[in-house]
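Trainee: final_12.pdb is the file, holding PDB, C-alpha atoms:
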```pdb
ATOM      1  CA  MET G  25       0.000   0.000   0.000  1.00  0.00           C
ATOM      2  CA  ASN G  26       1.148   3.542  -0.614  1.00  0.00           C
ATOM      3  CA  LYS G  27       2.890   5.156   2.386  1.00  0.00           C
ATOM      4  CA  ILE G  28       0.804   8.304   2.179  1.00  0.00           C
ATOM      5  CA  ALA G  29      -2.400   6.266   1.987  1.00  0.00           C
ATOM      6  CA  GLU G  30      -1.372   4.296   5.072  1.00  0.00           C
ATOM      7  CA  ILE G  31      -0.696   7.497   7.005  1.00  0.00           C
ATOM      8  CA  LEU G  32      -4.005   9.044   5.908  1.00  0.00           C
ATOM      9  CA  ILE G  33      -6.006   5.930   6.788  1.00  0.00           C
ATOM     10  CA  GLY G  34      -4.271   5.756  10.179  1.00  0.00           C
ATOM     11  CA  LEU G  35      -4.994   9.420  10.907  1.00  0.00           C
ATOM     12  CA  ILE G  36      -8.626   9.048   9.866  1.00  0.00           C
ATOM     13  CA  LEU G  37      -9.081   6.019  12.115  1.00  0.00           C
ATOM     14  CA  VAL G  38      -7.397   7.680  15.099  1.00  0.00           C
ATOM     15  CA  ILE G  39      -9.425  10.871  14.741  1.00  0.00           C
ATOM     16  CA  ALA G  40     -12.649   8.895  14.214  1.00  0.00           C
ATOM     17  CA  VAL G  41     -12.096   6.890  17.405  1.00  0.00           C
ATOM     18  CA  ILE G  42     -11.321  10.030  19.418  1.00  0.00           C
ATOM     19  CA  VAL G  43     -14.448  11.820  18.139  1.00  0.00           C
ATOM     20  CA  PHE G  44     -16.618   8.729  18.632  1.00  0.00           C
ATOM     21  CA  THR G  45     -15.375   8.290  22.194  1.00  0.00           C
ATOM     22  CA  TRP G  46     -15.791  11.974  23.014  1.00  0.00           C
ATOM     23  CA  TYR G  47     -19.422  12.165  21.859  1.00  0.00           C
ATOM     24  CA  SER G  48     -20.417   8.783  23.308  1.00  0.00           C
ATOM     25  CA  ALA G  49     -20.713  10.287  26.808  1.00  0.00           C
ATOM     26  CA  GLU G  50     -23.956  11.949  25.723  1.00  0.00           C
ATOM     27  CA  TRP G  51     -25.552   8.644  24.657  1.00  0.00           C
ATOM     28  CA  GLY G  52     -26.287   7.393  28.168  1.00  0.00           C
ATOM     29  CA  THR G  53     -24.485   5.266  30.684  1.00  0.00           C
ATOM     30  CA  PHE G  54     -24.421   2.053  28.636  1.00  0.00           C
ATOM     31  CA  TRP G  55     -22.837   3.618  25.543  1.00  0.00           C
ATOM     32  CA  ASN G  56     -20.388   5.823  27.454  1.00  0.00           C
ATOM     33  CA  PHE G  57     -17.095   4.716  25.922  1.00  0.00           C
ATOM     34  CA  ARG G  58     -15.226   7.615  27.516  1.00  0.00           C
ATOM     35  CA  HIS G  59     -15.580   6.010  30.949  1.00  0.00           C
ATOM     36  CA  ALA G  60     -14.558   2.591  29.637  1.00  0.00           C
ATOM     37  CA  THR G  61     -11.554   4.082  27.858  1.00  0.00           C
ATOM     38  CA  TRP G  62     -10.445   5.857  31.017  1.00  0.00           C
ATOM     39  CA  GLU G  63     -10.725   2.644  33.054  1.00  0.00           C
ATOM     40  CA  VAL G  64      -8.679   0.671  30.529  1.00  0.00           C
ATOM     41  CA  PHE G  65      -6.083   3.464  30.411  1.00  0.00           C
ATOM     42  CA  LYS G  66      -5.740   3.477  34.197  1.00  0.00           C
ATOM     43  CA  GLY G  67      -5.317  -0.294  34.220  1.00  0.00           C
ATOM     44  CA  GLY G  68      -2.799  -0.084  31.399  1.00  0.00           C
ATOM     45  CA  VAL G  69      -0.717   2.457  33.294  1.00  0.00           C
ATOM     46  CA  ILE G  70      -0.600   0.146  36.318  1.00  0.00           C
ATOM     47  CA  TRP G  71       0.529  -2.818  34.188  1.00  0.00           C
ATOM     48  CA  PHE G  72       3.114  -0.638  32.434  1.00  0.00           C
ATOM     49  CA  VAL G  73       4.631   0.558  35.716  1.00  0.00           C
ATOM     50  CA  LEU G  74       4.608  -3.005  37.058  1.00  0.00           C
ATOM     51  CA  GLY G  75       6.392  -4.239  33.920  1.00  0.00           C
ATOM     52  CA  ILE G  76       9.032  -1.509  34.185  1.00  0.00           C
ATOM     53  CA  GLY G  77       9.568  -2.427  37.841  1.00  0.00           C
ATOM     54  CA  ILE G  78      10.024  -6.113  36.996  1.00  0.00           C
ATOM     55  CA  LEU G  79      12.416  -5.163  34.194  1.00  0.00           C
ATOM     56  CA  PHE G  80      14.570  -3.115  36.592  1.00  0.00           C
ATOM     57  CA  LEU G  81      14.533  -5.969  39.119  1.00  0.00           C
ATOM     58  CA  MET G  82      15.744  -8.432  36.489  1.00  0.00           C
ATOM     59  CA  LEU G  83      18.448  -6.015  35.308  1.00  0.00           C
ATOM     60  CA  GLY G  84      19.600  -5.443  38.890  1.00  0.00           C
ATOM     61  CA  ILE G  85      19.751  -9.176  39.645  1.00  0.00           C
ATOM     62  CA  SER G  86      21.639  -9.745  36.409  1.00  0.00           C
ATOM     63  CA  ASP G  87      24.182  -7.059  37.356  1.00  0.00           C
ATOM     64  CA  LEU G  88      24.661  -8.627  40.823  1.00  0.00           C
ATOM     65  CA  ARG G  89      25.511 -11.959  39.254  1.00  0.00           C
ATOM     66  CA  ASN G  90      28.308 -10.452  37.141  1.00  0.00           C
TER      67      ASN G  90
END
```
Output the file's structure in the form of structure tokens.
Mentor:
Amino acid sequence: MNKIAEILIGLILVIAVIVFTWYSAEWGTFWNFRHATWEVFKGGVIWFVLGIGILFLMLGISDLRN
């Protein structure tokens, strides 16, 4: 696929998801994707920090062995 087409399709999809999520808060509690997105983001941050911590532990243990 053309590089420019890939970039344009990616930008369109990203913008569409952001707009869809932003306006979904007005559709009621069941269709509120903004809340669901925020919950997933918070969980993802926790897993990311945990993974970084485990990575540093493994690097530290590896350095102690040498």
Trainee: For Arg58 of chain G, which of G:Leu35, G:Ile28, G:Val41, G:Val73 is the closest residue, counting all atoms listed in the file?
Mentor: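 Under the stated criterion, the closest residue is G:Val41.
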Trainee: Rounded to one decimal place, report the atom CA of Phe54 of chain G-atom CA of Ile42 of chain G distance in Å.
Mentor: 17.9 Å
Trainee: Take the PyMOL selection byres ((chain G and resi 61) around 12), run it mentally on this structure, and tell me the resulting residues as a ChimeraX atom specification.
Mentor: /G:41-42,44-46,48-49,55-60,62-68
Trainee: Interatomic distance between atom CA of Trp51 of chain G and atom CA of Ile39 of chain G?
Mentor: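 Atom-to-atom, atom CA of Trp51 of chain G and atom CA of Ile39 of chain G are spaced 19.1 Å apart.
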Trainee: What does the distance between atom CA of Phe72 of chain G and atom CA of Ser86 of chain G come to in Å, to one decimal place?
Mentor: 21.0 Å
Trainee: Starting from the structure just given, write a file holding segment 78-90 of chain G with N, CA and C atoms, as a compact mmCIF listing (two decimals), in the first residue's frame.
Mentor:
```
# COMPACT_ATOMS: atom_id res chain seq x y z
N ILE G 78 9.49 -4.75 37.15
CA ILE G 78 10.02 -6.11 37.00
C ILE G 78 11.26 -6.10 36.11
N LEU G 79 11.25 -5.28 35.07
CA LEU G 79 12.42 -5.16 34.19
C LEU G 79 13.64 -4.66 34.97
N PHE G 80 13.46 -3.63 35.80
CA PHE G 80 14.57 -3.11 36.59
C PHE G 80 15.05 -4.14 37.61
N LEU G 81 14.12 -4.91 38.19
CA LEU G 81 14.53 -5.97 39.12
C LEU G 81 15.39 -7.01 38.41
N MET G 82 14.97 -7.44 37.23
CA MET G 82 15.74 -8.43 36.49
C MET G 82 17.11 -7.88 36.08
N LEU G 83 17.16 -6.61 35.67
CA LEU G 83 18.45 -6.01 35.31
C LEU G 83 19.37 -5.92 36.53
N GLY G 84 18.80 -5.54 37.67
CA GLY G 84 19.60 -5.44 38.89
C GLY G 84 20.13 -6.79 39.34
N ILE G 85 19.31 -7.82 39.28
CA ILE G 85 19.75 -9.18 39.64
C ILE G 85 20.81 -9.65 38.68
N SER G 86 20.65 -9.35 37.41
CA SER G 86 21.64 -9.75 36.41
C SER G 86 22.98 -9.05 36.67
N ASP G 87 22.94 -7.78 37.06
CA ASP G 87 24.18 -7.06 37.36
C ASP G 87 24.86 -7.59 38.63
N LEU G 88 24.08 -8.05 39.61
CA LEU G 88 24.66 -8.63 40.82
C LEU G 88 25.38 -9.93 40.54
N ARG G 89 24.91 -10.67 39.58
CA ARG G 89 25.51 -11.96 39.25
C ARG G 89 26.86 -11.79 38.57
N ASN G 90 27.05 -10.66 37.90
CA ASN G 90 28.31 -10.45 37.14
C ASN G 90 29.38 -9.86 37.99
```
